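Next up, protein30.txt (compact mmCIF, C-alpha atoms):
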# COMPACT_ATOMS: atom_id res chain seq x y z
CA MET R 1 -45.68 98.37 -88.56
CA GLN R 2 -42.51 96.85 -87.16
CA THR R 3 -42.37 93.56 -85.31
CA ILE R 4 -39.49 92.36 -83.15
CA ILE R 5 -39.21 88.67 -82.23
CA PHE R 6 -37.08 87.79 -79.21
CA THR R 7 -36.19 84.48 -77.60
CA ASP R 8 -35.55 83.91 -73.91
CA ALA R 9 -31.84 83.69 -74.69
CA THR R 10 -31.66 87.06 -76.43
CA SER R 11 -34.43 89.27 -75.04
CA THR R 12 -34.37 92.00 -72.45
CA VAL R 13 -37.85 93.43 -72.03
CA SER R 14 -37.90 97.19 -71.56
CA ASN R 15 -39.39 98.51 -68.34
CA LYS R 16 -41.54 100.68 -70.61
CA ASP R 17 -43.08 97.73 -72.44
CA ARG R 18 -46.87 97.98 -72.44
CA GLY R 19 -47.23 94.28 -71.75
CA LEU R 20 -45.33 94.73 -68.50
CA ASN R 21 -47.00 98.00 -67.52
CA TYR R 22 -50.60 97.42 -68.59
CA GLY R 23 -50.94 93.79 -69.56
CA ASP R 24 -51.37 95.11 -73.11
CA GLY R 25 -50.88 91.87 -74.96
CA PHE R 26 -51.76 88.21 -75.24
CA PHE R 27 -50.11 84.81 -75.30
CA THR R 28 -50.46 81.15 -76.15
CA THR R 29 -48.83 78.05 -74.66
CA ALA R 30 -48.21 74.98 -76.81
CA LYS R 31 -46.86 71.47 -76.51
CA VAL R 32 -43.77 70.73 -78.58
CA GLN R 33 -43.07 67.13 -79.54
CA ASN R 34 -40.42 65.91 -81.95
CA THR R 35 -39.58 69.50 -82.99
CA GLU R 36 -43.18 70.24 -83.97
CA VAL R 37 -45.78 72.43 -82.27
CA GLU R 38 -48.98 70.49 -81.73
CA HIS R 39 -52.08 72.25 -83.11
CA TRP R 40 -49.92 75.01 -84.59
CA PRO R 41 -52.62 76.29 -87.00
CA LEU R 42 -55.02 76.68 -84.07
CA HIS R 43 -52.42 78.52 -82.00
CA CYS R 44 -51.89 80.86 -84.96
CA ALA R 45 -55.64 81.35 -85.24
CA ARG R 46 -55.77 82.27 -81.56
CA LEU R 47 -52.98 84.83 -81.96
CA ILE R 48 -54.65 86.30 -85.04
CA GLU R 49 -58.00 86.61 -83.24
CA CYS R 50 -56.40 88.22 -80.18
CA ALA R 51 -54.55 90.72 -82.35
CA ALA R 52 -57.68 91.64 -84.28
CA ARG R 53 -59.97 91.99 -81.27
CA LEU R 54 -57.42 93.98 -79.26
CA GLY R 55 -56.62 96.32 -82.14
CA PHE R 56 -53.05 95.15 -82.78
CA ASP R 57 -51.50 95.39 -86.20
CA GLU R 58 -51.83 92.23 -88.27
CA LEU R 59 -49.29 89.60 -87.26
CA ASP R 60 -46.82 88.20 -89.79
CA ILE R 61 -47.59 84.54 -89.22
CA SER R 62 -45.07 83.37 -91.83
CA ALA R 63 -42.22 85.15 -90.05
CA LEU R 64 -43.44 83.90 -86.68
CA THR R 65 -43.67 80.33 -87.95
CA GLN R 66 -40.10 80.48 -89.24
CA ALA R 67 -38.85 81.94 -85.96
CA VAL R 68 -40.66 79.25 -83.98
CA ASN R 69 -39.33 76.44 -86.18
CA ASP R 70 -35.78 77.72 -85.75
CA TYR R 71 -36.28 78.08 -82.01
CA ILE R 72 -37.59 74.55 -81.36
CA GLN R 73 -35.45 72.66 -83.87
CA SER R 74 -33.80 70.58 -81.13
CA VAL R 75 -36.78 70.14 -78.78
CA SER R 76 -38.02 66.56 -78.45
CA LEU R 77 -40.58 67.31 -75.72
CA GLY R 78 -41.29 70.66 -74.14
CA VAL R 79 -43.51 73.69 -73.85
CA LEU R 80 -43.42 76.75 -76.09
CA LYS R 81 -44.81 80.05 -74.83
CA ILE R 82 -45.44 82.91 -77.23
CA VAL R 83 -46.09 86.33 -75.68
CA VAL R 84 -47.17 89.25 -77.85
CA THR R 85 -47.15 92.84 -76.54
CA ARG R 86 -47.82 96.23 -78.11
CA GLY R 87 -44.24 97.24 -77.35
CA GLU R 88 -43.35 100.65 -75.96
CA GLY R 89 -44.96 104.04 -76.41
CA GLY R 90 -48.15 105.95 -75.90
CA ARG R 91 -48.92 108.40 -73.12
CA GLY R 92 -50.47 106.61 -70.19
CA TYR R 93 -53.04 104.15 -71.46
CA ALA R 94 -53.19 105.81 -74.89
CA LEU R 95 -51.96 103.71 -77.79
CA PRO R 96 -48.65 104.47 -79.51
CA GLU R 97 -48.95 106.34 -82.79
CA GLN R 98 -46.65 103.79 -84.42
CA PRO R 99 -46.91 100.55 -82.42
CA GLN R 100 -43.95 98.17 -82.49
CA THR R 101 -45.30 94.72 -81.79
CA THR R 102 -42.98 92.66 -79.62
CA ILE R 103 -43.07 88.86 -79.62
CA LEU R 104 -41.23 86.84 -77.01
CA LEU R 105 -40.56 83.10 -77.39
CA SER R 106 -39.64 80.98 -74.39
CA GLN R 107 -39.23 77.27 -73.65
CA LEU R 108 -40.33 75.42 -70.54
CA ALA R 109 -39.97 71.84 -69.39
CA PHE R 110 -43.00 69.65 -70.06
CA PRO R 111 -44.95 68.87 -66.84
CA ALA R 112 -44.17 65.18 -66.39
CA HIS R 113 -47.01 64.65 -63.88
CA TYR R 114 -49.65 65.24 -66.57
CA ASN R 115 -49.19 61.75 -68.02
CA GLN R 116 -49.85 60.11 -64.66
CA GLN R 117 -52.81 62.35 -63.87
CA ALA R 118 -54.36 61.50 -67.23
CA LEU R 119 -54.59 57.90 -65.99
CA GLN R 120 -55.70 58.70 -62.45
CA GLY R 121 -58.05 61.61 -63.08
CA PHE R 122 -58.40 64.98 -61.35
CA LYS R 123 -60.04 65.81 -58.06
CA LEU R 124 -61.56 69.29 -58.17
CA ALA R 125 -62.55 71.72 -55.47
CA VAL R 126 -64.77 74.73 -56.10
CA SER R 127 -62.90 78.03 -56.09
CA PRO R 128 -64.19 80.71 -53.72
CA ILE R 129 -63.08 83.27 -56.31
CA LYS R 130 -65.40 84.01 -59.21
CA LEU R 131 -64.73 85.42 -62.66
CA ALA R 132 -65.93 88.88 -63.61
CA SER R 133 -67.87 89.32 -66.84
CA GLN R 134 -66.25 91.25 -69.69
CA PRO R 135 -67.61 90.24 -73.12
CA LEU R 136 -65.04 92.47 -74.84
CA LEU R 137 -62.24 90.17 -73.68
CA ALA R 138 -64.13 86.89 -73.26
CA GLY R 139 -62.40 83.91 -74.84
CA LEU R 140 -59.07 85.69 -75.26
CA LYS R 141 -55.85 84.69 -73.52
CA THR R 142 -54.68 88.19 -72.63
CA LEU R 143 -51.76 89.07 -70.36
CA ASN R 144 -54.26 90.20 -67.70
CA ARG R 145 -54.23 87.05 -65.54
CA LEU R 146 -54.66 88.46 -62.03
CA GLU R 147 -57.90 86.55 -61.54
CA GLN R 148 -56.08 83.30 -62.29
CA VAL R 149 -53.21 84.25 -59.98
CA MET R 150 -55.65 84.82 -57.13
CA ILE R 151 -57.48 81.59 -57.97
CA LYS R 152 -54.20 79.65 -57.79
CA ARG R 153 -53.30 81.41 -54.55
CA ALA R 154 -56.60 80.39 -52.96
CA MET R 155 -56.18 76.87 -54.34
CA ASP R 156 -53.03 76.39 -52.26
CA ALA R 157 -55.23 76.11 -49.16
CA GLN R 158 -57.34 73.34 -50.72
CA THR R 159 -56.58 69.64 -51.18
CA CYS R 160 -57.24 69.10 -54.87
CA ASP R 161 -55.63 68.80 -58.29
CA ASP R 162 -57.43 71.86 -59.67
CA VAL R 163 -60.44 74.05 -58.98
CA LEU R 164 -63.72 74.69 -60.72
CA VAL R 165 -64.32 78.39 -61.34
CA CYS R 166 -67.75 80.02 -61.73
CA ASP R 167 -68.89 83.50 -62.70
CA TYR R 168 -71.02 85.85 -60.60
CA GLN R 169 -74.19 84.34 -62.08
CA ASN R 170 -73.03 81.01 -60.61
CA ASN R 171 -72.44 79.44 -64.00
CA VAL R 172 -69.49 77.08 -64.31
CA ILE R 173 -66.86 78.59 -66.63
CA GLU R 174 -63.56 76.67 -66.50
CA ALA R 175 -60.83 75.26 -64.28
CA SER R 176 -57.86 77.38 -63.19
CA ALA R 177 -55.92 76.60 -66.36
CA ALA R 178 -58.11 74.29 -68.42
CA ASN R 179 -61.44 74.13 -70.17
CA ILE R 180 -64.26 71.86 -69.09
CA PHE R 181 -66.57 69.64 -71.09
CA ALA R 182 -69.00 66.95 -70.06
CA ILE R 183 -71.05 64.08 -71.45
CA HIS R 184 -74.72 63.74 -70.54
CA ASN R 185 -77.15 61.40 -72.29
CA SER R 186 -74.78 61.18 -75.28
CA ARG R 187 -74.63 65.00 -75.58
CA VAL R 188 -71.28 66.76 -75.29
CA VAL R 189 -71.61 70.11 -73.53
CA SER R 190 -69.20 72.83 -72.43
CA PRO R 191 -69.69 76.09 -70.52
CA ASN R 192 -70.80 79.21 -72.36
CA LEU R 193 -67.78 81.52 -72.69
CA GLN R 194 -69.50 84.60 -74.12
CA ASN R 195 -68.95 86.76 -71.04
CA CYS R 196 -65.73 85.46 -69.49
CA GLY R 197 -63.25 82.61 -69.57
CA ILE R 198 -60.74 81.45 -72.17
CA LYS R 199 -61.56 79.27 -75.15
CA GLY R 200 -58.52 77.04 -75.27
CA VAL R 201 -56.81 75.66 -78.33
CA TYR R 202 -57.42 72.04 -77.36
CA LEU R 203 -61.12 72.72 -76.82
CA GLN R 204 -61.20 74.30 -80.27
CA SER R 205 -59.55 71.19 -81.72
CA LEU R 206 -62.36 69.12 -80.21
CA CYS R 207 -64.95 71.50 -81.67
CA ASP R 208 -63.49 70.79 -85.09
CA LYS R 209 -64.13 67.07 -84.57
CA LEU R 210 -67.15 66.79 -82.27
CA GLU R 211 -70.56 68.38 -81.94
CA ILE R 212 -70.16 70.35 -78.72
CA GLU R 213 -72.98 72.48 -77.31
CA PHE R 214 -71.89 75.60 -75.44
CA ILE R 215 -74.52 76.26 -72.80
CA ASP R 216 -74.97 77.84 -69.38
CA ILE R 217 -74.19 75.17 -66.78
CA THR R 218 -74.65 75.63 -63.05
CA LEU R 219 -72.65 73.63 -60.55
CA PRO R 220 -75.65 71.44 -59.54
CA GLU R 221 -76.23 70.70 -63.23
CA LEU R 222 -72.57 69.79 -63.77
CA LEU R 223 -72.71 67.38 -60.86
CA GLN R 224 -75.51 65.49 -62.65
CA MET R 225 -73.43 64.84 -65.77
CA ASP R 226 -72.43 61.30 -66.71
CA ALA R 227 -68.77 62.32 -66.96
CA VAL R 228 -66.74 65.53 -66.71
CA TYR R 229 -63.34 66.27 -68.28
CA LEU R 230 -60.66 68.95 -68.30
CA CYS R 231 -58.64 69.76 -71.39
CA ASN R 232 -55.80 72.02 -72.45
CA SER R 233 -52.95 72.02 -74.94
CA LEU R 234 -50.46 70.39 -72.60
CA MET R 235 -52.41 67.65 -70.85
CA ALA R 236 -54.95 66.98 -73.65
CA ILE R 237 -57.99 65.38 -71.94
CA VAL R 238 -58.10 64.35 -68.28
CA PRO R 239 -61.20 62.84 -66.64
CA VAL R 240 -62.55 64.40 -63.46
CA ILE R 241 -63.04 61.84 -60.68
CA ALA R 242 -64.44 64.20 -58.04
CA ILE R 243 -65.91 67.68 -57.68
CA ALA R 244 -65.96 68.53 -53.98
CA ASP R 245 -67.90 65.62 -52.42
CA THR R 246 -69.39 64.32 -55.67
CA GLU R 247 -67.48 61.46 -57.25
CA PHE R 248 -67.37 60.30 -60.86
CA ASP R 249 -66.43 56.74 -61.75
CA LEU R 250 -63.08 56.74 -63.57
CA THR R 251 -63.80 53.56 -65.53
CA THR R 252 -67.11 54.94 -66.78
CA SER R 253 -65.53 58.27 -67.69
CA LEU R 254 -62.74 56.61 -69.67
CA LYS R 255 -65.21 54.30 -71.42
CA LEU R 256 -67.44 57.20 -72.44
CA LEU R 257 -64.43 59.20 -73.63
CA HIS R 258 -63.02 56.34 -75.68
CA GLY R 259 -66.44 55.77 -77.22
CA LEU R 260 -66.75 59.44 -78.08
CA LEU R 261 -63.31 59.60 -79.71
CA ALA R 262 -63.82 56.30 -81.52
CA LYS R 263 -67.10 57.61 -82.94
CA GLU R 264 -65.29 60.73 -84.13
CA SER R 265 -62.53 58.68 -85.77
CA ALA R 266 -65.10 56.60 -87.65
CA CYS R 267 -66.76 59.67 -89.17

Once more with this new file: its structure as structure tokens, please.
Amino acid sequence: MQTIIFTDATSTVSNKDRGLNYGDGFFTTAKVQNTEVEHWPLHCARLIECAARLGFDELDISALTQAVNDYIQSVSLGVLKIVVTRGEGGRGYALPEQPQTTILLSQLAFPAHYNQQALQGFKLAVSPIKLASQPLLAGLKTLNRLEQVMIKRAMDAQTCDDVLVCDYQNNVIEASAANIFAIHNSRVVSPNLQNCGIKGVYLQSLCDKLEIEFIDITLPELLQMDAVYLCNSLMAIVPVIAIADTEFDLTTSLKLLHGLLAKESAC
């Protein structure tokens, strides 16, 4: 196996790359602060899981870590995106006989509005677009993001900060680019992601600290929760202050969240 690591300053992706032609690959997006990638071990675990489940050759995490450290050595605050493709080759959809994994590193500016929204909370609409079920890919952050593109496109016509997305069984799954969790009677619950959706790195970091139950949650059930939150690697945790016409008290949501995190810190 051969692996090539490019940066946005040096790479030119071939028009034959399988990631470009078939979405044959996966990615992760991380917050960089003071030249360090937050939750780096969990991002590596995500990449390793994606590679294994999609039948990629084993990734050289040591080489990737060194390349990333060199790449972000002057970044005080930013976003790192790591894209992994199966490279070129193969006839049609068939896999190459000798795959050449391609890894692309790129930097983006950190979304400054996240800090303000963390204090104000998010207003959510309900997306008219639903997620299809595919257990084979559930939980993975693959390059096949057309559903999310269409969800964002439909969101442009709505007045909201983000949208709630359900599956075709009318279970709540996630937001357009964030996971969801909620507090109800001191229980912490999050949508079941066995059939679709992405299990984000930040949600995984919470699972390592908190007892989170992954269950089927319908929209009416979510609206009955004491507090609802979004989370991802860039914005961390943001309280939801409204879902369509149902409002959640921001003060209560912040109080419950602080209590939850304080309880975790004391353990």

Could you give me, as a short mmCIF file (atom, residue, chain, number, x, y, z; two decimals) with C-alpha atoms, in the frame of the given file, the residues that have an atom at most 7 Å away from the point (-70.5, 64.7, -69.4) in the coordinates of the file, using all atoms listed in the file?
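Here's the written file part-v3.cif:
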data_model
loop_
_atom_site.label_atom_id
_atom_site.label_comp_id
_atom_site.auth_asym_id
_atom_site.auth_seq_id
_atom_site.Cartn_x
_atom_site.Cartn_y
_atom_site.Cartn_z
CA PHE R 181 -66.57 69.64 -71.09
CA ALA R 182 -69.00 66.95 -70.06
CA ILE R 183 -71.05 64.08 -71.45
CA HIS R 184 -74.72 63.74 -70.54
CA VAL R 188 -71.28 66.76 -75.29
CA VAL R 189 -71.61 70.11 -73.53
CA MET R 225 -73.43 64.84 -65.77
CA ASP R 226 -72.43 61.30 -66.71
CA ALA R 227 -68.77 62.32 -66.96
CA VAL R 228 -66.74 65.53 -66.71
#

Please provide as a VMD selection string all residues within 9 Å of Leu47 in chain R, with the sequence filter that same-chain residues fewer than 2 positions apart are discarded (counting all atoms listed in the file).
-> chain R and resid 26 to 28 42 to 45 49 to 52 59 84 141

Contacts of range 120-160 of chain R with range 208-224 of chain R up to 12 Å, shortest pair per row, all atoms listed in the file, as a Markdown table:
| residue | atom | partner | partner_atom | distance |
| --- | --- | --- | --- | --- |
| R:Leu124 | CA | R:Leu223 | CA | 11.6 |
| R:Ala125 | CA | R:Leu219 | CA | 11.5 |
| R:Val126 | CA | R:Leu219 | CA | 9.1 |
| R:Ser127 | CA | R:Leu219 | CA | 11.6 |

Produce a table with one row for each residue of range 33-64 of chain R that has an atom at most 10 Å from any atom of range 85-101 of chain R, each row naming the nearest atom pair and its distance in Å at one decimal; use all atoms listed in the file; arrange rows by chain and rising residue number; format as a tab-separated table.
residue	atom	partner	partner_atom	distance
R:Ala51	CA	R:Thr85	CA	9.6
R:Leu54	CA	R:Arg86	CA	9.9
R:Gly55	CA	R:Arg86	CA	9.7
R:Phe56	CA	R:Arg86	CA	7.1
R:Asp57	CA	R:Thr101	CA	7.6
R:Glu58	CA	R:Thr101	CA	9.5
R:Leu59	CA	R:Thr101	CA	8.5

Pick the closest to Thr159 in chain R from R:Ala244, R:Ile48, R:Cys231, R:Val37: which is it, counting all atoms listed in the file?
-> R:Ala244

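When all atoms listed in the file are used to compute distances to Gly78 in chain R, the closest of the residues R:Pro128, R:Pro111, R:Gly139, R:Gly23 turns out to be R:Pro111.
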
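For the residues R:Ile103, R:Ala236, R:Ile198, R:Val165, ranking by smallest atom-to-atom distance to Ile61 in chain R using all atoms listed in the file places R:Ile103 first.
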
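Distance-wise, CA of Gln66 in chain R and CA of Asp17 in chain R end up 24.3 Å apart.
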
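Between Thr12 in chain R and the candidates R:Val68, R:Thr102, R:Ile151, R:Val75, the tightest atom-to-atom separation, counting all atoms listed in the file, involves R:Thr102.
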
Taking (-58.7, 75.0, -77.5) in the file's coordinates, which residues come within 9 Å, counting all atoms listed in the file, written as a PyMOL selection string?
-> chain R and resi 42-43+46+179+198-207+231-233

Hey, which of R:Ala112, R:Val32, R:Val13, R:Ala132 ends up closest to Val79 in chain R? Count only C-alpha atoms.
->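 Residue with the minimum atom-to-atom distance to Val79 in chain R: R:Val32.
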
Interatomic distance, CA of Leu250 in chain R to CA of Lys123 in chain R (Å, one decimal) | 11.0 Å

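For Ala67 in chain R, the non-local neighbours within 12 Å, defined as residues at least 4 positions apart in the same chain or in other chains and counting all atoms listed in the file, are Ile4, Ile5, Phe6, Thr7, Asp60, Ile61, Ser62, Ala63, Tyr71, Ile72, Gln73, Ile82, Ile103, Leu104, Leu105 and Ser106 of chain R.
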
Gap from CA of Gly197 in chain R to CA of Glu174 in chain R - Å, one decimal =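 Between these atoms lies a distance of 6.7 Å.
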
Counting all atoms listed in the file, the residue among R:Lys31, R:Arg53, R:Arg145, R:Lys130 that lies closest to Ile173 in chain R is R:Lys130

N, CA and C atoms of range 226-254 of chain R, written as a PDB file, in the first residue's frame:
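Generated file (result-v3.pdb):
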ATOM      1  N   ASP R 226     -36.651  18.221  28.597  1.00  0.00           N
ATOM      2  CA  ASP R 226     -36.393  19.385  29.445  1.00  0.00           C
ATOM      3  C   ASP R 226     -35.456  20.378  28.759  1.00  0.00           C
ATOM      4  N   ALA R 227     -34.515  19.860  27.988  1.00  0.00           N
ATOM      5  CA  ALA R 227     -33.572  20.713  27.258  1.00  0.00           C
ATOM      6  C   ALA R 227     -32.996  19.913  26.100  1.00  0.00           C
ATOM      7  N   VAL R 228     -32.685  20.621  25.012  1.00  0.00           N
ATOM      8  CA  VAL R 228     -32.137  19.999  23.810  1.00  0.00           C
ATOM      9  C   VAL R 228     -30.874  20.763  23.412  1.00  0.00           C
ATOM     10  N   TYR R 229     -29.871  20.042  22.922  1.00  0.00           N
ATOM     11  CA  TYR R 229     -28.593  20.658  22.572  1.00  0.00           C
ATOM     12  C   TYR R 229     -28.074  20.110  21.242  1.00  0.00           C
ATOM     13  N   LEU R 230     -27.302  20.942  20.558  1.00  0.00           N
ATOM     14  CA  LEU R 230     -26.534  20.503  19.396  1.00  0.00           C
ATOM     15  C   LEU R 230     -25.066  20.443  19.792  1.00  0.00           C
ATOM     16  N   CYS R 231     -24.316  19.571  19.129  1.00  0.00           N
ATOM     17  CA  CYS R 231     -22.879  19.538  19.399  1.00  0.00           C
ATOM     18  C   CYS R 231     -22.121  19.088  18.161  1.00  0.00           C
ATOM     19  N   ASN R 232     -20.956  19.679  17.963  1.00  0.00           N
ATOM     20  CA  ASN R 232     -19.995  19.194  16.973  1.00  0.00           C
ATOM     21  C   ASN R 232     -18.600  19.661  17.367  1.00  0.00           C
ATOM     22  N   SER R 233     -17.611  19.269  16.602  1.00  0.00           N
ATOM     23  CA  SER R 233     -16.222  19.527  16.980  1.00  0.00           C
ATOM     24  C   SER R 233     -15.846  21.000  16.961  1.00  0.00           C
ATOM     25  N   LEU R 234     -16.571  21.798  16.208  1.00  0.00           N
ATOM     26  CA  LEU R 234     -16.217  23.211  16.101  1.00  0.00           C
ATOM     27  C   LEU R 234     -16.934  24.072  17.127  1.00  0.00           C
ATOM     28  N   MET R 235     -18.232  23.850  17.304  1.00  0.00           N
ATOM     29  CA  MET R 235     -18.982  24.726  18.206  1.00  0.00           C
ATOM     30  C   MET R 235     -19.147  24.130  19.601  1.00  0.00           C
ATOM     31  N   ALA R 236     -18.653  22.924  19.830  1.00  0.00           N
ATOM     32  CA  ALA R 236     -18.833  22.221  21.107  1.00  0.00           C
ATOM     33  C   ALA R 236     -20.330  22.029  21.359  1.00  0.00           C
ATOM     34  N   ILE R 237     -20.864  22.577  22.456  1.00  0.00           N
ATOM     35  CA  ILE R 237     -22.275  22.375  22.789  1.00  0.00           C
ATOM     36  C   ILE R 237     -23.020  23.698  22.712  1.00  0.00           C
ATOM     37  N   VAL R 238     -24.148  23.690  22.011  1.00  0.00           N
ATOM     38  CA  VAL R 238     -24.996  24.879  21.900  1.00  0.00           C
ATOM     39  C   VAL R 238     -26.423  24.492  22.282  1.00  0.00           C
ATOM     40  N   PRO R 239     -27.048  25.224  23.214  1.00  0.00           N
ATOM     41  CA  PRO R 239     -28.430  24.909  23.574  1.00  0.00           C
ATOM     42  C   PRO R 239     -29.402  25.283  22.463  1.00  0.00           C
ATOM     43  N   VAL R 240     -30.465  24.522  22.352  1.00  0.00           N
ATOM     44  CA  VAL R 240     -31.541  24.819  21.407  1.00  0.00           C
ATOM     45  C   VAL R 240     -32.608  25.615  22.152  1.00  0.00           C
ATOM     46  N   ILE R 241     -32.988  26.771  21.611  1.00  0.00           N
ATOM     47  CA  ILE R 241     -33.993  27.601  22.274  1.00  0.00           C
ATOM     48  C   ILE R 241     -35.360  27.503  21.613  1.00  0.00           C
ATOM     49  N   ALA R 242     -35.416  26.885  20.428  1.00  0.00           N
ATOM     50  CA  ALA R 242     -36.712  26.696  19.770  1.00  0.00           C
ATOM     51  C   ALA R 242     -36.600  25.617  18.706  1.00  0.00           C
ATOM     52  N   ILE R 243     -37.638  24.793  18.613  1.00  0.00           N
ATOM     53  CA  ILE R 243     -37.810  23.857  17.503  1.00  0.00           C
ATOM     54  C   ILE R 243     -39.170  24.153  16.905  1.00  0.00           C
ATOM     55  N   ALA R 244     -39.158  24.759  15.721  1.00  0.00           N
ATOM     56  CA  ALA R 244     -40.407  25.242  15.103  1.00  0.00           C
ATOM     57  C   ALA R 244     -41.088  26.183  16.094  1.00  0.00           C
ATOM     58  N   ASP R 245     -42.307  25.868  16.532  1.00  0.00           N
ATOM     59  CA  ASP R 245     -43.047  26.768  17.426  1.00  0.00           C
ATOM     60  C   ASP R 245     -42.868  26.431  18.900  1.00  0.00           C
ATOM     61  N   THR R 246     -42.100  25.415  19.199  1.00  0.00           N
ATOM     62  CA  THR R 246     -41.877  25.024  20.594  1.00  0.00           C
ATOM     63  C   THR R 246     -40.601  25.666  21.113  1.00  0.00           C
ATOM     64  N   GLU R 247     -40.720  26.384  22.221  1.00  0.00           N
ATOM     65  CA  GLU R 247     -39.573  27.092  22.777  1.00  0.00           C
ATOM     66  C   GLU R 247     -39.006  26.367  23.995  1.00  0.00           C
ATOM     67  N   PHE R 248     -37.698  26.517  24.172  1.00  0.00           N
ATOM     68  CA  PHE R 248     -37.005  25.989  25.341  1.00  0.00           C
ATOM     69  C   PHE R 248     -36.340  27.160  26.053  1.00  0.00           C
ATOM     70  N   ASP R 249     -36.461  27.187  27.374  1.00  0.00           N
ATOM     71  CA  ASP R 249     -35.910  28.297  28.144  1.00  0.00           C
ATOM     72  C   ASP R 249     -34.386  28.213  28.177  1.00  0.00           C
ATOM     73  N   LEU R 250     -33.729  29.270  27.718  1.00  0.00           N
ATOM     74  CA  LEU R 250     -32.268  29.271  27.620  1.00  0.00           C
ATOM     75  C   LEU R 250     -31.624  29.147  28.997  1.00  0.00           C
ATOM     76  N   THR R 251     -32.144  29.871  29.978  1.00  0.00           N
ATOM     77  CA  THR R 251     -31.570  29.824  31.324  1.00  0.00           C
ATOM     78  C   THR R 251     -31.637  28.416  31.904  1.00  0.00           C
ATOM     79  N   THR R 252     -32.789  27.771  31.725  1.00  0.00           N
ATOM     80  CA  THR R 252     -32.946  26.398  32.216  1.00  0.00           C
ATOM     81  C   THR R 252     -31.991  25.450  31.500  1.00  0.00           C
ATOM     82  N   SER R 253     -31.879  25.609  30.188  1.00  0.00           N
ATOM     83  CA  SER R 253     -30.999  24.734  29.410  1.00  0.00           C
ATOM     84  C   SER R 253     -29.546  24.880  29.842  1.00  0.00           C
ATOM     85  N   LEU R 254     -29.101  26.116  30.047  1.00  0.00           N
ATOM     86  CA  LEU R 254     -27.722  26.346  30.481  1.00  0.00           C
ATOM     87  C   LEU R 254     -27.489  25.806  31.889  1.00  0.00           C
TER      88      LEU R 254
END
